[in-house]
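K.L.:
This structure is in structure tokens; I'll ask about it shortly.
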Amino acid sequence: MSTLFEKVWSDHLVIDETPDTPAVLYIDLHIIHEVTTPQAFTVLREKGLAVRRPELTLATMDHSTPTTPVTSFKDLAIVGESAAGQIRQMEQNCSDFGLDLIGFGNANRGIVHVIGPELGATQPGKTIVCGDSHSSTHGAFGALAFGIGTTEVGHVLATQCLLQRKPKTMAVNVGGRLRDGVSAKDLILAVIGEIGVDGGTGHVIEYRGDAITALDMESRMTVCNMSIEGGARAGMIAPDDTTFEYLQGRPRVPQGSEWDAALARWRKLHSDADARFDACVTLDASALQPMVTFGTNPGMVVGINDPVPSGNDASFRKALDYMQVEPGKPMTENSVDVVFVGSCTNGRLSDIEEAARVLEGRKVADGVRMLVVPGSQQVKLEAEARGLDSIIKSAGAEWREAGCSMCIGMNGDTVPAGKLSVSTSNRNFEGRQGIGARTVLASPATAAASAVCGHVADPRTLA
Amino acid sequence: MKAVKHIVSRTAVLPTKDIDTDQIIPARFLTTTSREGLGKNAFYDLRYEGDGSVNESFALNRPEAQGCRILVAGKNFGCGSSREHAPWALLDFGLQAIISTEIADIFRNNSLKNGLVPITVDENTHAWLLENPGVELSIDVDGATLTLPDDTAVSFPIDAFAKYCLVEGVDQLGFLQQQQEKIGEFEETRNWKP
């Protein structure tokens, strides 16, 4: 009578927790990037420590890397001296500590949470951490994956372990089936709207139900990715044939008889019928419409045709003032300045396809800047092989190199102050996409429809 | 980590709910490779106007907030990203403790590893603290209690191990390193290899 989470947790206990001491939890995959690791390597140097398991460490650069199109990575101009210094430091750290870096010019480079699954390094039943809160993405494969701070990055580098208290569990049951024009992004925004931005605090979420098992892997990743936006450290989905089909044949997945053994082990990774969760939430996917945020956190979300709610709470009013949004009116009445399709939430091939379907034969509205940034160089290559880049460019949008880009605005891709951005990323916090930027979170289809219409738009009206 | 046993200070108050780590330290300041000197960037876009002038109305810019080492904040403080730059910036800014009804998981973990004390209190105590900025509080970390100006003691939850590390100034990496033998055994004996 164990949950999926409990099975993975107990399989990684080097030492169980006691009232006085946390558990020592073994980590199977540590993903690192340039922004949250330099200070951890400094600690290793100060203490004269080595990286315990370099081969369990996947290193790349994504956050502060430029996405401007280049013909050669030698031409790459990194925006800002400190960002350039950080990138050089990452290269030096990986070289000094014997880590393979998926760096510039490597065809596998991309956003940490896009390349882990793409390479097959992300697998069911693994514990996966990264100095990035969207590490929850990897839970889509039935892995226990969560974000950690830089001190903990140092712990994992040095010992391959973390000190952890066992979190509580929450079941999010999503029944029914998503209707046409409604995507995984809309589903997870609706979940966060339901539980609130702190509803999952202290919990690991397991997403279950017919609407979840019907999702393909890329959609499952979109769902698990935003678990942290509901306050949960991790989100998980039990692996099934959809998962195994996605993984088979990928570079870092076991082959031959080892594949068979892994498959037998992975098939046991589901919550038992009598497993108990500390909390339960139920949603009906059939009732959902495209969702958009109206405030300054991902829980402030509304159906695209529904009026923005009103509230008397000071924090609520402050958020609406910042967004320059009026209660009582739907978000579709707001004109759009910038549209961003990309990020670890929605920067995969199916996301680019979803945006391209809307853009095909249409033009981005006058005065709107649209950026389409693939989540990895692999996504870029596959999209180009399918001609999606031509559709995107013909519509008047920019087609970029891979990276986190305008989701976090660390690489020079930012939204100007006061401008409204419809973004497929994960955070609409004040200033997240640039100082004073106003962010509306949405699905790739809604983002593309908004670019074409020049205002926040329901993609179903363009079908 | 420096040991933190007692904190006595007046409070500064930010009543807004869900203050996220992007507000605590905007992402553009994360290109640093050091953990030092980040206090100047703490709450940057709230402390300063777009033209770089000081936002006099922001609570932490007011004269009475200067020197405060305890911040009372709205519910769900520290939500959002895993950046440890958030507690680094707050500590360098001069803060030693954050009080709210709820503090986000990763921010709480990061704070405990750096000597910034995350304290959650009941809603009544929180409401009173929000309404009374500048009151002097005394925090006893080992006793896990907060003493209000009228001598009422309010206890707060804190993980036993995290508390031990705070009070003794213990670096958790040292504790993990002592487990190397067991970690090696685990690697050898587990029934599958990553």
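As shown in the structure tokens, the chain order sets the letters A, B, ...; within each chain, residues go from 1, and ligands are also counted from 1 in the order they appear.
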Could you write out as a PyMOL selection string the residues of chain B within 8 Å of chain A, counting only C-alpha atoms?
P.N.:
chain B and resi 16-18+20+22-23+26-28+30-35+45+50+76+79-84+104-106+109-110+113+160-161+173+176-177+180+182-183+186+194
K.L.:
Mind the document's chain letters and residue numbers, and return as a PyMOL selection string the residues of region 47-96 of chain B that DSSP labels alpha helix (DSSP H).
P.N.:
chain B and resi 47+85-93
K.L.:
Dump N, CA and C atoms for the selected residues as a tab-separated table (two decimals), in the first residue's frame?
P.N.:
```
chain	number	residue	atom	x	y	z
B	47	ARG	N	12.82	48.57	-4.15
B	47	ARG	CA	13.53	49.65	-3.46
B	47	ARG	C	13.79	50.85	-4.36
B	85	HIS	N	20.53	32.71	-4.00
B	85	HIS	CA	20.86	34.13	-3.97
B	85	HIS	C	19.84	34.90	-3.13
B	86	ALA	N	18.63	34.36	-2.98
B	86	ALA	CA	17.59	35.06	-2.20
B	86	ALA	C	18.00	35.16	-0.73
B	87	PRO	N	18.26	34.03	-0.02
B	87	PRO	CA	18.74	34.19	1.36
B	87	PRO	C	20.11	34.88	1.45
B	88	TRP	N	20.99	34.64	0.48
B	88	TRP	CA	22.29	35.33	0.51
B	88	TRP	C	22.08	36.84	0.48
B	89	ALA	N	21.16	37.31	-0.38
B	89	ALA	CA	20.91	38.75	-0.51
B	89	ALA	C	20.28	39.31	0.77
B	90	LEU	N	19.32	38.55	1.34
B	90	LEU	CA	18.64	39.05	2.54
B	90	LEU	C	19.59	39.13	3.73
B	91	LEU	N	20.46	38.12	3.86
B	91	LEU	CA	21.44	38.13	4.95
B	91	LEU	C	22.41	39.30	4.79
B	92	ASP	N	22.87	39.51	3.58
B	92	ASP	CA	23.82	40.59	3.32
B	92	ASP	C	23.16	41.95	3.50
B	93	PHE	N	21.84	41.98	3.28
B	93	PHE	CA	21.05	43.20	3.48
B	93	PHE	C	20.93	43.49	4.97
```
K.L.:
Would you mind reading off the distance between CA of Asp272 (chain A) and CA of Ile205 (chain A), one decimal, in Å?
P.N.:
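That distance, rounded to one decimal, is 15.4 Å.
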K.L.:
Got a sec: who's within 12 Å of Ala153 (chain B), counting only C-alpha atoms, leaving out chain neighbours fewer than 5 positions off, as a PyMOL selection string?
P.N.:
chain B and resi 121+125+137-140+143-148
K.L.:
Show which residues sit within 7 Å of Asn346 (chain A), as JSON, numbers by chain. Count only C-alpha atoms, and ignore same-chain residues fewer than 4 positions away.
P.N.:
{"A": [222, 341, 342, 351, 424, 425, 444]}
K.L.:
Could you save the residues just selected, with N, CA and C atoms, as an mmCIF file, in the first residue's frame?
P.N.:
```cif
data_model
loop_
_atom_site.group_PDB
_atom_site.id
_atom_site.type_symbol
_atom_site.label_atom_id
_atom_site.label_comp_id
_atom_site.auth_asym_id
_atom_site.auth_seq_id
_atom_site.Cartn_x
_atom_site.Cartn_y
_atom_site.Cartn_z
ATOM 1 N N THR A 222 4.945 19.157 -19.365
ATOM 2 C CA THR A 222 4.380 20.498 -19.137
ATOM 3 C C THR A 222 3.621 20.521 -17.808
ATOM 4 N N VAL A 341 7.127 32.058 -27.197
ATOM 5 C CA VAL A 341 6.877 30.612 -27.178
ATOM 6 C C VAL A 341 8.215 29.936 -26.901
ATOM 7 N N GLY A 342 8.285 29.209 -25.814
ATOM 8 C CA GLY A 342 9.527 28.535 -25.448
ATOM 9 C C GLY A 342 9.516 28.145 -23.990
ATOM 10 N N ASP A 351 5.145 21.669 -28.778
ATOM 11 C CA ASP A 351 4.746 23.049 -28.469
ATOM 12 C C ASP A 351 4.988 23.960 -29.674
ATOM 13 N N THR A 424 4.497 31.439 -22.981
ATOM 14 C CA THR A 424 4.238 30.029 -22.668
ATOM 15 C C THR A 424 5.105 29.548 -21.514
ATOM 16 N N SER A 425 5.779 30.471 -20.827
ATOM 17 C CA SER A 425 6.676 30.101 -19.736
ATOM 18 C C SER A 425 5.875 29.792 -18.469
ATOM 19 N N PRO A 444 0.916 27.349 -25.911
ATOM 20 C CA PRO A 444 1.483 27.783 -27.194
ATOM 21 C C PRO A 444 0.405 28.211 -28.200
#
```
K.L.:
Would you compute the distance between CA of Leu95 (chain B) and CA of Leu116 (chain B)? Give it in Å to one decimal.
P.N.:
7.4 Å
